[in-house]
Amino acid sequence: MKKTMFAVAFAALTASIFALGTNDSGSGKAQHLTIYSAVYDDETQAICKKFQEKTGIKTDCVVLGGGEILARVKAEQHNATASVWFGGPCDSFITAKEQGLLAQYTSPNAASIDAKYKDPDNYWTGIYIGYVGFVSNNNRLAELGIKAPTTWKELLNPKLKGEIMMASPAASSTGYVILASVLQLMGNDTGFAYMTDLNKNVLQYTERGSGCIASVISGEIAVGVCFAHDAIKNQLSGYQKLLTVTVPAEGTGYETGAIAIIKNGPDQEAARVFYDWALTAECQDMYQQYGAFQFLTAKDGHNPEATKSLAKSKTINYDTAWAGATRSTNTAKWAQLTGN
């Protein structure tokens with residue numbers, strides 16, 4: 001009996017999804033979903049293509065950094081052109097929620113996701129988790145006479161002066177997760193003092209979270225601070241001997257990559273269909289096909305083999321609510337202290 005009821009319900013849901021591809025609640029208006037994505041371009045395009053094939057809903061994707069998406073959604077709040085925000089750390093989503101830029105939605109597929117990876121008021125839901133880590137160029141480290149850093153403290157080594165790059169906490173959502181992780185691990189005063197000292201060793205702050213990795217590969221710098229899964233993607237692209245990926249032993253923070261529906265965006269019904277699908281293993285299992293090696297939130301998702309070495313890393317109890325609520329204050333203080 002239960003199987004029969006499930007089959008009927010599933011058939012009804014499938015029919016409603018495919019109906020969305022041709023009209024908007026019977027109005028005859030064709031669905032055209034636009035998504036702002038903060039994940040890799042090839043991954044984004046593949047996910048959008050798969051969704052369009054499954055539902056018939058025409059889907060366009062614009063790939064930007066998480067900070068760029070937040071700025072664009074705010075600028076377009078009275079004339080939204082996109083309906084879904086896909087990927088990037090939830091800290092930016094929390095800021096967007098506070099600014100009234102997101103729509104509430106309770107997806108039935110969110111029920112099985114751990115509460116710490118979703119908004120209590122249903123403004124966003126986590127779709128992956130990624131740890132902050134270090135990526136090092138082994139050749140450059142040998143020239144400097146040091147080993148790959150495995151602690152936050154080791155980044156302050158005077159030999160690393162001008163040898164480190166990371167994303168700007170003010171411009172990049174990845175950079176902000178790094179800053180918020182340090183502040184939560186060390187406490188505000190000690191954390192800001194640490195970031196001020198680290199600034200002395202930083203050659204440049206990038207606008208994108210993975211922007212430092214190319215400079216590490218080229219040997220321009222020795223160490224990049226970024227998300228470990230981004231580093232692993234590059235390491236597995238022919239640089240296994242050149243690159244070492246580590247996670248700070250004192251403890252590290254992490255991003256909860258999220259999805260949200262943009263308030264007043266067009267085609268809200270289609271947006272909800274995409275949101276539901278993004279929380280399934282079918283969608284999330286696609287990530288690793290494009291070198292996105294994060295941990296998954298979907299109940300039946302398959303975490304990539306490449307992340308097994310990271311699974312036992314020590315993480316802090318990263319407070320996403322605090323990080324989002326204090327973003328403006330923290331980035332302003334960081335900019336003042338570092339002059340960036």
# chains A, B, ... in the order shown; residues from 1 in each chain; ligands from 1
call {"tool": "select_by_dssp", "arguments": {"residues": "segment 72-320 of chain A", "states": "strand (DSSP E or B)", "output": "PyMOL selection string"}}
result
chain A and resi 84-89+102-103+118+125-137+164-167+202-206+223-227+243-246+252+254-262+295-296+315
call {"tool": "residues_around", "arguments": {"residues": "segment 270-272 of chain A", "least_positions_apart": "3", "cutoff": "8 Å", "atoms": "only C-alpha atoms", "output": "list in words"}}
result
Leu20, Gln31, Leu33, Ile57, Ser83, Val84, Tyr105, Ser107, Ile261, Asp267, Tyr275 and Asp276 of chain A
call {"tool": "write_last_selection", "arguments": {"atoms": "C-alpha atoms", "output": "mmCIF file, in the first residue's frame"}}
result
data_model
loop_
_atom_site.group_PDB
_atom_site.id
_atom_site.type_symbol
_atom_site.label_atom_id
_atom_site.label_comp_id
_atom_site.auth_asym_id
_atom_site.auth_seq_id
_atom_site.Cartn_x
_atom_site.Cartn_y
_atom_site.Cartn_z
ATOM 1 C CA LEU A 20 6.559 23.536 -15.662
ATOM 2 C CA GLN A 31 9.556 29.029 -18.026
ATOM 3 C CA LEU A 33 15.112 30.130 -15.136
ATOM 4 C CA ILE A 57 12.676 24.360 -18.120
ATOM 5 C CA SER A 83 15.757 33.530 -9.342
ATOM 6 C CA VAL A 84 18.317 31.125 -7.828
ATOM 7 C CA TYR A 105 11.227 28.159 0.992
ATOM 8 C CA SER A 107 12.037 22.136 0.513
ATOM 9 C CA ILE A 261 15.779 31.574 -3.970
ATOM 10 C CA ASP A 267 9.743 32.131 -12.334
ATOM 11 C CA TYR A 275 16.066 24.042 -5.370
ATOM 12 C CA ASP A 276 14.490 20.652 -4.620
#
call {"tool": "closest_residue", "arguments": {"among": "A:Ala321, A:Ala260, A:Ala110, A:Ala38", "to": "Gly209 of chain A", "atoms": "only C-alpha atoms"}}
result
A:Ala38
call {"tool": "closest_residue", "arguments": {"among": "A:Thr59, A:Gln104, A:Thr338, A:Gln52", "to": "Leu198 of chain A", "atoms": "only C-alpha atoms"}}
result
A:Thr338
call {"tool": "select_by_dssp", "arguments": {"residues": "segment 88-183 of chain A", "states": "alpha helix (DSSP H)", "output": "ChimeraX atom specification"}}
result
/A:90-98,138-144,173-183
call {"tool": "closest_residue", "arguments": {"among": "A:Pro158, A:Ser215, A:Ile259, A:Leu179", "to": "Asn122 of chain A", "atoms": "only C-alpha atoms"}}
result
A:Ile259
call {"tool": "residues_around", "arguments": {"residues": "Ala249 of chain A", "least_positions_apart": "3", "cutoff": "9 Å", "atoms": "only C-alpha atoms", "output": "VMD selection string"}}
result
chain A and resid 150 to 152 246 252 313 to 315
call {"tool": "write_last_selection", "arguments": {"atoms": "N, CA, C and O atoms", "output": "PDB file, in the first residue's frame"}}
result
ATOM      1  N   THR A 150      51.610  23.112   8.231  1.00  0.00           N
ATOM      2  CA  THR A 150      50.503  22.285   8.699  1.00  0.00           C
ATOM      3  C   THR A 150      49.770  22.944   9.862  1.00  0.00           C
ATOM      4  O   THR A 150      48.871  22.338  10.446  1.00  0.00           O
ATOM      5  N   THR A 151      50.155  24.190  10.195  1.00  0.00           N
ATOM      6  CA  THR A 151      49.491  24.938  11.262  1.00  0.00           C
ATOM      7  C   THR A 151      49.337  26.395  10.821  1.00  0.00           C
ATOM      8  O   THR A 151      50.064  26.875   9.948  1.00  0.00           O
ATOM      9  N   TRP A 152      48.408  27.092  11.448  1.00  0.00           N
ATOM     10  CA  TRP A 152      48.256  28.527  11.189  1.00  0.00           C
ATOM     11  C   TRP A 152      49.528  29.266  11.581  1.00  0.00           C
ATOM     12  O   TRP A 152      49.960  30.195  10.891  1.00  0.00           O
ATOM     13  N   THR A 246      47.363  20.661   2.737  1.00  0.00           N
ATOM     14  CA  THR A 246      47.303  20.407   4.177  1.00  0.00           C
ATOM     15  C   THR A 246      46.152  21.187   4.803  1.00  0.00           C
ATOM     16  O   THR A 246      45.655  22.151   4.221  1.00  0.00           O
ATOM     17  N   THR A 252      40.320  24.038  11.784  1.00  0.00           N
ATOM     18  CA  THR A 252      40.016  24.880  10.633  1.00  0.00           C
ATOM     19  C   THR A 252      38.523  25.117  10.516  1.00  0.00           C
ATOM     20  O   THR A 252      37.708  24.342  11.027  1.00  0.00           O
ATOM     21  N   SER A 313      40.132  15.609   9.492  1.00  0.00           N
ATOM     22  CA  SER A 313      40.740  16.888   9.887  1.00  0.00           C
ATOM     23  C   SER A 313      39.983  17.497  11.062  1.00  0.00           C
ATOM     24  O   SER A 313      38.758  17.343  11.186  1.00  0.00           O
ATOM     25  N   LYS A 314      40.706  18.207  11.894  1.00  0.00           N
ATOM     26  CA  LYS A 314      40.090  18.866  13.048  1.00  0.00           C
ATOM     27  C   LYS A 314      39.403  20.146  12.591  1.00  0.00           C
ATOM     28  O   LYS A 314      40.023  21.008  11.974  1.00  0.00           O
ATOM     29  N   THR A 315      38.124  20.250  12.868  1.00  0.00           N
ATOM     30  CA  THR A 315      37.383  21.461  12.501  1.00  0.00           C
ATOM     31  C   THR A 315      36.892  22.166  13.759  1.00  0.00           C
ATOM     32  O   THR A 315      36.682  21.548  14.803  1.00  0.00           O
TER      33      THR A 315
END
call {"tool": "residues_around", "arguments": {"residues": "Tyr254 of chain A", "least_positions_apart": "5", "cutoff": "8 Å", "atoms": "only C-alpha atoms", "output": "JSON, numbers by chain"}}
result
{"A": [129, 130, 131, 132, 177, 181, 315, 318]}
call {"tool": "write_last_selection", "arguments": {"atoms": "all heavy atoms", "output": "tab-separated table (two decimals), in the first residue's frame"}}
result
chain	number	residue	atom	x	y	z
A	129	ILE	N	29.98	20.95	1.81
A	129	ILE	CA	30.83	21.49	2.88
A	129	ILE	C	32.28	21.39	2.44
A	129	ILE	O	32.71	20.34	1.93
A	129	ILE	CB	30.66	20.70	4.21
A	129	ILE	CG1	29.20	20.71	4.66
A	129	ILE	CG2	31.54	21.28	5.30
A	129	ILE	CD1	28.46	19.45	4.34
A	130	GLY	N	33.03	22.49	2.60
A	130	GLY	CA	34.43	22.50	2.19
A	130	GLY	C	35.32	23.11	3.25
A	130	GLY	O	35.01	24.16	3.81
A	131	TYR	N	36.45	22.47	3.54
A	131	TYR	CA	37.35	22.92	4.59
A	131	TYR	C	38.37	23.95	4.09
A	131	TYR	O	38.86	23.85	2.96
A	131	TYR	CB	38.14	21.73	5.17
A	131	TYR	CG	37.32	20.68	5.87
A	131	TYR	CD1	37.90	19.48	6.25
A	131	TYR	CD2	35.97	20.88	6.15
A	131	TYR	CE1	37.17	18.49	6.91
A	131	TYR	CE2	35.23	19.90	6.81
A	131	TYR	CZ	35.83	18.71	7.17
A	131	TYR	OH	35.10	17.74	7.82
A	132	VAL	N	38.72	24.90	4.95
A	132	VAL	CA	39.82	25.83	4.67
A	132	VAL	C	41.14	25.07	4.83
A	132	VAL	O	41.33	24.32	5.80
A	132	VAL	CB	39.79	27.03	5.63
A	132	VAL	CG1	41.04	27.89	5.45
A	132	VAL	CG2	38.53	27.87	5.40
A	177	VAL	N	35.45	33.53	4.82
A	177	VAL	CA	35.41	32.31	5.63
A	177	VAL	C	36.77	32.09	6.30
A	177	VAL	O	36.84	31.66	7.45
A	177	VAL	CB	35.02	31.09	4.78
A	177	VAL	CG1	35.17	29.80	5.59
A	177	VAL	CG2	33.58	31.22	4.30
A	181	SER	N	37.08	32.09	10.25
A	181	SER	CA	37.61	30.88	10.86
A	181	SER	C	38.70	31.22	11.88
A	181	SER	O	38.73	30.69	12.99
A	181	SER	CB	38.18	29.94	9.79
A	181	SER	OG	37.18	29.50	8.91
A	315	THR	N	38.12	20.25	12.87
A	315	THR	CA	37.38	21.46	12.50
A	315	THR	C	36.89	22.17	13.76
A	315	THR	O	36.68	21.55	14.80
A	315	THR	CB	36.17	21.13	11.61
A	315	THR	OG1	35.32	20.21	12.29
A	315	THR	CG2	36.63	20.52	10.29
A	318	TYR	N	32.22	25.92	13.60
A	318	TYR	CA	32.07	27.16	12.84
A	318	TYR	C	30.66	27.71	12.97
A	318	TYR	O	29.68	27.05	12.63
A	318	TYR	CB	32.40	26.90	11.36
A	318	TYR	CG	32.48	28.15	10.53
A	318	TYR	CD1	33.65	28.92	10.51
A	318	TYR	CD2	31.40	28.58	9.76
A	318	TYR	CE1	33.73	30.07	9.73
A	318	TYR	CE2	31.48	29.72	8.99
A	318	TYR	CZ	32.64	30.46	8.98
A	318	TYR	OH	32.72	31.61	8.21
call {"tool": "closest_residue", "arguments": {"among": "A:Ile164, A:Val39, A:Cys48, A:Ala96", "to": "Gly65 of chain A", "atoms": "only C-alpha atoms"}}
result
A:Val39
call {"tool": "closest_residue", "arguments": {"among": "A:Val62, A:Ala167, A:Ala298, A:Leu279", "to": "Val202 of chain A", "atoms": "only C-alpha atoms"}}
result
A:Ala167
call {"tool": "closest_residue", "arguments": {"among": "A:Tyr128, A:Phe51, A:Phe93, A:Tyr205", "to": "Met166 of chain A", "atoms": "only C-alpha atoms"}}
result
A:Tyr205
call {"tool": "residues_around", "arguments": {"residues": "segment 322-333 of chain A", "least_positions_apart": "6", "cutoff": "10 Å", "atoms": "only C-alpha atoms", "output": "ChimeraX atom specification"}}
result
/A:89-98,168-171,173,175-177,179-181,183-184,188,192,339-340
call {"tool": "residues_around", "arguments": {"residues": "Asp41 of chain A", "least_positions_apart": "3", "cutoff": "12 Å", "atoms": "only C-alpha atoms", "output": "PDB file with N, CA and C atoms, in the first residue's frame"}}
result
ATOM      1  N   TYR A  36      22.326  32.389 -10.651  1.00  0.00           N
ATOM      2  CA  TYR A  36      23.647  32.922 -10.339  1.00  0.00           C
ATOM      3  C   TYR A  36      24.396  31.827  -9.591  1.00  0.00           C
ATOM      4  N   SER A  37      25.543  31.430 -10.124  1.00  0.00           N
ATOM      5  CA  SER A  37      26.289  30.321  -9.534  1.00  0.00           C
ATOM      6  C   SER A  37      27.684  30.756  -9.113  1.00  0.00           C
ATOM      7  N   ALA A  38      28.120  30.241  -7.952  1.00  0.00           N
ATOM      8  CA  ALA A  38      29.460  30.520  -7.447  1.00  0.00           C
ATOM      9  C   ALA A  38      30.342  29.277  -7.499  1.00  0.00           C
ATOM     10  N   THR A  44      28.787  24.133 -13.280  1.00  0.00           N
ATOM     11  CA  THR A  44      27.527  24.876 -13.336  1.00  0.00           C
ATOM     12  C   THR A  44      26.763  24.573 -14.621  1.00  0.00           C
ATOM     13  N   GLN A  45      27.467  24.667 -15.749  1.00  0.00           N
ATOM     14  CA  GLN A  45      26.808  24.456 -17.035  1.00  0.00           C
ATOM     15  C   GLN A  45      26.260  23.036 -17.155  1.00  0.00           C
ATOM     16  N   ALA A  46      27.000  22.046 -16.633  1.00  0.00           N
ATOM     17  CA  ALA A  46      26.540  20.656 -16.696  1.00  0.00           C
ATOM     18  C   ALA A  46      25.296  20.443 -15.838  1.00  0.00           C
ATOM     19  N   ILE A  47      25.290  21.034 -14.659  1.00  0.00           N
ATOM     20  CA  ILE A  47      24.139  20.911 -13.759  1.00  0.00           C
ATOM     21  C   ILE A  47      22.911  21.573 -14.376  1.00  0.00           C
ATOM     22  N   CYS A  48      23.098  22.750 -14.939  1.00  0.00           N
ATOM     23  CA  CYS A  48      21.978  23.447 -15.577  1.00  0.00           C
ATOM     24  C   CYS A  48      21.453  22.666 -16.788  1.00  0.00           C
ATOM     25  N   ASP A  60      19.428  29.225 -17.756  1.00  0.00           N
ATOM     26  CA  ASP A  60      20.662  29.941 -18.029  1.00  0.00           C
ATOM     27  C   ASP A  60      21.420  30.167 -16.728  1.00  0.00           C
ATOM     28  N   CYS A  61      22.744  30.109 -16.788  1.00  0.00           N
ATOM     29  CA  CYS A  61      23.563  30.269 -15.587  1.00  0.00           C
ATOM     30  C   CYS A  61      24.604  31.350 -15.790  1.00  0.00           C
ATOM     31  N   VAL A  62      24.787  32.170 -14.781  1.00  0.00           N
ATOM     32  CA  VAL A  62      25.818  33.203 -14.771  1.00  0.00           C
ATOM     33  C   VAL A  62      26.759  32.881 -13.622  1.00  0.00           C
ATOM     34  N   VAL A  63      28.040  32.662 -13.916  1.00  0.00           N
ATOM     35  CA  VAL A  63      29.009  32.268 -12.900  1.00  0.00           C
ATOM     36  C   VAL A  63      29.769  33.492 -12.393  1.00  0.00           C
ATOM     37  N   LEU A  64      29.709  33.695 -11.080  1.00  0.00           N
ATOM     38  CA  LEU A  64      30.369  34.832 -10.427  1.00  0.00           C
ATOM     39  C   LEU A  64      30.919  34.363  -9.085  1.00  0.00           C
ATOM     40  N   GLY A  65      31.773  35.178  -8.464  1.00  0.00           N
ATOM     41  CA  GLY A  65      32.215  34.899  -7.108  1.00  0.00           C
ATOM     42  C   GLY A  65      31.071  35.155  -6.138  1.00  0.00           C
ATOM     43  N   PHE A  86      23.129  29.777  -6.440  1.00  0.00           N
ATOM     44  CA  PHE A  86      23.619  28.415  -6.281  1.00  0.00           C
ATOM     45  C   PHE A  86      25.100  28.407  -5.925  1.00  0.00           C
ATOM     46  N   GLY A  87      25.428  27.950  -4.713  1.00  0.00           N
ATOM     47  CA  GLY A  87      26.814  27.772  -4.314  1.00  0.00           C
ATOM     48  C   GLY A  87      27.461  29.007  -3.718  1.00  0.00           C
ATOM     49  N   TYR A 287      29.037  16.791  -8.807  1.00  0.00           N
ATOM     50  CA  TYR A 287      30.116  17.718  -8.488  1.00  0.00           C
ATOM     51  C   TYR A 287      31.492  17.152  -8.821  1.00  0.00           C
ATOM     52  N   TYR A 290      33.421  17.117 -12.089  1.00  0.00           N
ATOM     53  CA  TYR A 290      34.039  18.348 -12.576  1.00  0.00           C
ATOM     54  C   TYR A 290      35.088  18.871 -11.589  1.00  0.00           C
ATOM     55  N   GLY A 291      35.619  17.963 -10.784  1.00  0.00           N
ATOM     56  CA  GLY A 291      36.709  18.326  -9.880  1.00  0.00           C
ATOM     57  C   GLY A 291      36.276  19.092  -8.661  1.00  0.00           C
ATOM     58  N   ALA A 292      34.999  19.047  -8.309  1.00  0.00           N
ATOM     59  CA  ALA A 292      34.512  19.708  -7.098  1.00  0.00           C
ATOM     60  C   ALA A 292      34.436  18.644  -6.002  1.00  0.00           C
TER      61      ALA A 292
END
call {"tool": "atom_distance", "arguments": {"atom1": "atom CA of Ala111 of chain A", "atom2": "atom CA of Asp300 of chain A"}}
result
13.0 Å
call {"tool": "atom_distance", "arguments": {"atom1": "atom CA of Gly219 of chain A", "atom2": "atom CA of Asn199 of chain A"}}
result
19.5 Å
call {"tool": "residues_around", "arguments": {"residues": "Asn264 of chain A", "least_positions_apart": "5", "cutoff": "8 Å", "atoms": "only C-alpha atoms", "output": "PyMOL selection string"}}
result
chain A and resi 77-80+83+103
call {"tool": "atom_distance", "arguments": {"atom1": "atom CA of Ile127 of chain A", "atom2": "atom CA of Ile178 of chain A"}}
result
19.3 Å
call {"tool": "decode", "arguments": {"residues": "segment 157-168 of chain A", "atoms": "all heavy atoms", "output": "CSV table (one decimal), in the first residue's frame"}}
result
chain,number,residue,atom,x,y,z
A,157,ASN,N,56.0,32.2,9.5
A,157,ASN,CA,57.5,32.1,9.3
A,157,ASN,C,58.0,33.2,8.5
A,157,ASN,O,57.5,33.5,7.4
A,157,ASN,CB,57.7,30.7,8.6
A,157,ASN,CG,59.2,30.3,8.5
A,157,ASN,OD1,60.0,31.2,8.5
A,157,ASN,ND2,59.4,29.0,8.5
A,158,PRO,N,59.0,33.9,8.9
A,158,PRO,CA,59.6,35.0,8.2
A,158,PRO,C,60.1,34.6,6.8
A,158,PRO,O,60.2,35.4,5.9
A,158,PRO,CB,60.8,35.4,9.1
A,158,PRO,CG,60.4,35.0,10.4
A,158,PRO,CD,59.7,33.7,10.3
A,159,LYS,N,60.4,33.3,6.6
A,159,LYS,CA,60.9,32.8,5.3
A,159,LYS,C,59.7,32.9,4.3
A,159,LYS,O,60.0,32.8,3.1
A,159,LYS,CB,61.4,31.4,5.4
A,159,LYS,CG,62.8,31.3,6.1
A,159,LYS,CD,63.3,29.9,6.0
A,159,LYS,CE,64.7,29.8,6.7
A,159,LYS,NZ,65.3,28.5,6.6
A,160,LEU,N,58.5,33.0,4.7
A,160,LEU,CA,57.4,33.1,3.9
A,160,LEU,C,56.9,34.5,3.5
A,160,LEU,O,55.9,34.7,3.0
A,160,LEU,CB,56.2,32.3,4.5
A,160,LEU,CG,56.3,30.8,4.4
A,160,LEU,CD1,55.1,30.1,5.2
A,160,LEU,CD2,56.3,30.3,3.0
A,161,LYS,N,57.8,35.5,3.8
A,161,LYS,CA,57.5,36.9,3.5
A,161,LYS,C,57.3,37.0,2.0
A,161,LYS,O,58.2,36.7,1.3
A,161,LYS,CB,58.5,37.8,4.1
A,161,LYS,CG,58.2,39.3,3.9
A,161,LYS,CD,59.3,40.2,4.5
A,161,LYS,CE,59.0,41.7,4.2
A,161,LYS,NZ,57.7,42.1,4.8
A,162,GLY,N,56.2,37.5,1.6
A,162,GLY,CA,55.9,37.7,0.1
A,162,GLY,C,55.7,36.4,-0.6
A,162,GLY,O,55.7,36.3,-1.8
A,163,GLU,N,55.4,35.3,0.2
A,163,GLU,CA,55.3,34.0,-0.4
A,163,GLU,C,53.9,33.4,-0.3
A,163,GLU,O,53.7,32.2,-0.5
A,163,GLU,CB,56.3,33.0,0.2
A,163,GLU,CG,57.8,33.3,-0.1
A,163,GLU,CD,58.2,33.0,-1.5
A,163,GLU,OE1,57.4,32.2,-2.2
A,163,GLU,OE2,59.2,33.5,-2.0
A,164,ILE,N,52.9,34.2,0.2
A,164,ILE,CA,51.6,33.7,0.5
A,164,ILE,C,50.6,34.5,-0.2
A,164,ILE,O,50.7,35.8,-0.4
A,164,ILE,CB,51.3,33.7,2.0
A,164,ILE,CG1,52.2,32.8,2.8
A,164,ILE,CG2,49.8,33.4,2.3
A,164,ILE,CD1,52.1,32.9,4.3
A,165,MET,N,49.5,33.9,-0.7
A,165,MET,CA,48.4,34.6,-1.3
A,165,MET,C,47.1,33.9,-0.8
A,165,MET,O,47.1,32.7,-0.4
A,165,MET,CB,48.4,34.5,-2.8
A,165,MET,CG,49.5,35.3,-3.5
A,165,MET,SD,49.6,35.1,-5.3
A,165,MET,CE,48.1,35.9,-5.8
A,166,MET,N,46.1,34.7,-0.7
A,166,MET,CA,44.7,34.3,-0.3
A,166,MET,C,43.7,35.3,-0.8
A,166,MET,O,44.1,36.4,-1.3
A,166,MET,CB,44.6,34.2,1.2
A,166,MET,CG,44.8,35.5,2.0
A,166,MET,SD,44.4,35.3,3.8
A,166,MET,CE,42.6,35.6,3.7
A,167,ALA,N,42.5,34.9,-0.8
A,167,ALA,CA,41.4,35.8,-1.3
A,167,ALA,C,41.2,36.9,-0.3
A,167,ALA,O,41.3,36.7,0.9
A,167,ALA,CB,40.1,35.0,-1.5
A,168,SER,N,40.8,38.1,-0.8
A,168,SER,CA,40.4,39.2,0.1
A,168,SER,C,39.2,38.9,0.9
A,168,SER,O,38.1,38.6,0.3
A,168,SER,CB,40.3,40.5,-0.7
A,168,SER,OG,39.6,41.5,0.0
